[in-house]
Amino acid sequence: MSIATSLPETMPASGTRTAAAVVLAAVLALLTGGAPAAADTLDSTATQAAGPSAAVEAADLLATLPVKGRAPKTGYERALFGPTWADVDQNGCDTRNDILRRDLTEVTYTTSVPCTVKTGILADPYTGTTISFVRGTTTSSAVQIDHVVALSDAWQKGAQQLTTEQRTAFANDPLNLQATDGPTNQQKGDGDAATWLPANKGFRCEYVARQVSVKARYSLWVTQAEHDAIVGILGGCPGQVAPAAVEPAAPAAVYYANCAEVVAAGAAPLYAGSPGYRSGLDGDSDGVACEG
């Protein structure tokens, strides 16, 4: 898959050729961070000016996206985006658990291997609330993983032209994934920025900026209504950067003097890698502390 080496007609006409090339170079630098798309060639002056890690403003990146009508949903199936929660980075953990581990704090695991998340705390950016996650048949759905750009929305805006490998990358791309409140995720469905935005207004700028980054990375387009909605949101946060990655939540500092404190806090047992675990509490050095 490739991206055009000239900016689309939606780019502001006032920019000079050099300025436009600089923006495009920065766009391409953003795309190359794990992206399936990149230009084959680029003006050397623009490359030098933008640099390999230049930040791109979301409004400028939005201006490079084609504006088209929504294609029919005909033929859409979840399976066209690969297996659900594949282990695309081959780290031994599926994507859902990778994102839970990234977005939750105070994480514990089902075994001594830090992979399958057992419990954790989500500071949900979509709702502005705090949610306790507990793995279980009736509790896991309280925290779900949202596709920031929904799969169905992508299908109707260019993903039909992607390969299965590219669609699988899209469905498992951490940039396009966010842990959130289960009912909120269900409410969103396959809505775009014109039809759905997070209730937490303080997160809307980052949310639409991520949508723009994802659509640029996978050569997708936006509808006119979607474009205008994003412009309206970004108008309230000038300079909002289009992210190339999402940083993990900062872990809370947890310290237990002894296992009695761990038990009293309801945190036992502690697994290696989880908040509060330390070798001094793990008498048999098996990666599980205070299990007795």
# chains A, B, ... in the order shown; residues from 1 in each chain; ligands from 1
>>> select_by_dssp(residues="segment 19-202 of chain A", states="alpha helix (DSSP H)", output="ChimeraX atom specification")
/A:19-31,44-50,58-62,95-103,151-155,164-172,182-188
>>> closest_atom_pairs(of="segment 190-279 of chain A", to="segment 100-112 of chain A", cutoff="12 Å", atoms="only C-alpha atoms", output="tab-separated table")
residue	atom	partner	partner_atom	distance
A:Ala245	CA	A:Arg102	CA	11.7
A:Val246	CA	A:Arg102	CA	8.9
A:Glu247	CA	A:Arg102	CA	7.7
A:Pro248	CA	A:Arg102	CA	4.5
A:Ala249	CA	A:Asp103	CA	5.2
A:Ala250	CA	A:Thr105	CA	7.1
A:Pro251	CA	A:Thr105	CA	5.1
A:Ala252	CA	A:Thr105	CA	6.5
A:Ala253	CA	A:Glu106	CA	8.8
A:Val254	CA	A:Glu106	CA	8.2
A:Tyr255	CA	A:Glu106	CA	11.4
A:Gly266	CA	A:Thr108	CA	12.0
A:Ala267	CA	A:Thr108	CA	8.7
A:Ala268	CA	A:Thr108	CA	9.7
A:Pro269	CA	A:Thr108	CA	8.8
A:Leu270	CA	A:Thr108	CA	7.1
A:Tyr271	CA	A:Ser112	CA	5.4
A:Ala272	CA	A:Ser112	CA	6.1
A:Gly273	CA	A:Thr108	CA	8.0
A:Ser274	CA	A:Thr108	CA	5.2
A:Pro275	CA	A:Glu106	CA	5.3
A:Gly276	CA	A:Glu106	CA	8.4
A:Tyr277	CA	A:Thr108	CA	9.7
>>> write_last_selection(atoms="C-alpha atoms", output="PDB file, in the first residue's frame")
ATOM      1  CA  ALA A 245       1.787   5.831  19.514  1.00  0.00           C
ATOM      2  CA  VAL A 246      -0.046   5.694  22.836  1.00  0.00           C
ATOM      3  CA  GLU A 247       1.907   5.689  26.074  1.00  0.00           C
ATOM      4  CA  PRO A 248       0.914   3.242  28.841  1.00  0.00           C
ATOM      5  CA  ALA A 249      -0.864   4.497  31.926  1.00  0.00           C
ATOM      6  CA  ALA A 250       1.529   5.514  34.676  1.00  0.00           C
ATOM      7  CA  PRO A 251       1.566   2.740  37.274  1.00  0.00           C
ATOM      8  CA  ALA A 252       0.615   3.721  40.780  1.00  0.00           C
ATOM      9  CA  ALA A 253       3.384   3.400  43.329  1.00  0.00           C
ATOM     10  CA  VAL A 254       2.511   0.489  45.593  1.00  0.00           C
ATOM     11  CA  TYR A 255       4.583  -0.798  48.502  1.00  0.00           C
ATOM     12  CA  GLY A 266      -7.074  -7.643  49.318  1.00  0.00           C
ATOM     13  CA  ALA A 267      -4.178  -7.840  46.859  1.00  0.00           C
ATOM     14  CA  ALA A 268      -2.891 -11.350  47.629  1.00  0.00           C
ATOM     15  CA  PRO A 269      -1.355 -13.122  45.880  1.00  0.00           C
ATOM     16  CA  LEU A 270       1.072 -10.788  44.149  1.00  0.00           C
ATOM     17  CA  TYR A 271       2.549 -11.844  40.819  1.00  0.00           C
ATOM     18  CA  ALA A 272       5.922 -10.837  39.425  1.00  0.00           C
ATOM     19  CA  GLY A 273       5.533  -7.626  37.456  1.00  0.00           C
ATOM     20  CA  SER A 274       2.403  -6.480  39.299  1.00  0.00           C
ATOM     21  CA  PRO A 275       2.328  -3.374  41.544  1.00  0.00           C
ATOM     22  CA  GLY A 276       3.628  -4.123  45.018  1.00  0.00           C
ATOM     23  CA  TYR A 277       5.465  -7.323  44.105  1.00  0.00           C
TER      24      TYR A 277
END
>>> closest_residue(among="A:Asp98, A:Asp181, A:Glu226, A:Asp282", to="Gly69 of chain A", atoms="only C-alpha atoms")
A:Glu226
>>> residues_around(residues="Gly128 of chain A", least_positions_apart="2", cutoff="10 Å", atoms="only C-alpha atoms", output="PyMOL selection string")
chain A and resi 122-126+130-131+180-181+198-203
>>> residues_around(residues="Gln156 of chain A", least_positions_apart="3", cutoff="8 Å", atoms="only C-alpha atoms", output="list in words")
Arg70, Ala71, Pro72, Lys73, Ser152, Asp153, Ala159 and Gln160 of chain A
>>> write_last_selection(atoms="C-alpha atoms", output="compact mmCIF listing (two decimals), in the first residue's frame")
# COMPACT_ATOMS: atom_id res chain seq x y z
CA ARG A 70 -19.21 6.45 2.57
CA ALA A 71 -18.93 3.27 0.50
CA PRO A 72 -21.54 0.50 0.92
CA LYS A 73 -21.10 -1.84 3.86
CA SER A 152 -16.97 -1.27 9.89
CA ASP A 153 -16.26 2.43 9.47
CA ALA A 159 -10.23 -0.77 4.01
CA GLN A 160 -11.88 -2.84 1.28
>>> atom_distance(atom1="atom CA of Val143 of chain A", atom2="atom CA of Cys237 of chain A")
28.4 Å
>>> residues_around(residues="Leu175 of chain A", least_positions_apart="2", cutoff="12 Å", atoms="only C-alpha atoms", output="PyMOL selection string")
chain A and resi 30-31+33-35+95+99+102-103+145-149+169-173+177-179+206-218+242-248
>>> atom_distance(atom1="atom CA of Asn91 of chain A", atom2="atom CA of Ala289 of chain A")
24.4 Å
>>> closest_residue(among="A:Thr127, A:Asn258, A:Gln166, A:Ser141", to="Ala154 of chain A", atoms="only C-alpha atoms")
A:Gln166
>>> select_by_dssp(residues="segment 148-186 of chain A", states="strand (DSSP E)", output="number ranges by chain")
A: 177-181
>>> write_last_selection(atoms="N, CA and C atoms", output="mmCIF file, in the first residue's frame")
data_model
loop_
_atom_site.group_PDB
_atom_site.id
_atom_site.type_symbol
_atom_site.label_atom_id
_atom_site.label_comp_id
_atom_site.auth_asym_id
_atom_site.auth_seq_id
_atom_site.Cartn_x
_atom_site.Cartn_y
_atom_site.Cartn_z
ATOM 1 N N LEU A 177 -6.494 1.315 19.405
ATOM 2 C CA LEU A 177 -7.177 0.567 20.451
ATOM 3 C C LEU A 177 -7.141 1.320 21.774
ATOM 4 N N GLN A 178 -8.272 1.279 22.480
ATOM 5 C CA GLN A 178 -8.375 1.967 23.760
ATOM 6 C C GLN A 178 -9.309 1.198 24.680
ATOM 7 N N ALA A 179 -8.829 0.840 25.871
ATOM 8 C CA ALA A 179 -9.693 0.216 26.870
ATOM 9 C C ALA A 179 -10.688 1.243 27.373
ATOM 10 N N THR A 180 -11.946 0.828 27.488
ATOM 11 C CA THR A 180 -12.981 1.753 27.930
ATOM 12 C C THR A 180 -14.123 0.993 28.589
ATOM 13 N N ASP A 181 -15.050 1.747 29.117
ATOM 14 C CA ASP A 181 -16.257 1.207 29.733
ATOM 15 C C ASP A 181 -17.050 0.386 28.719
#
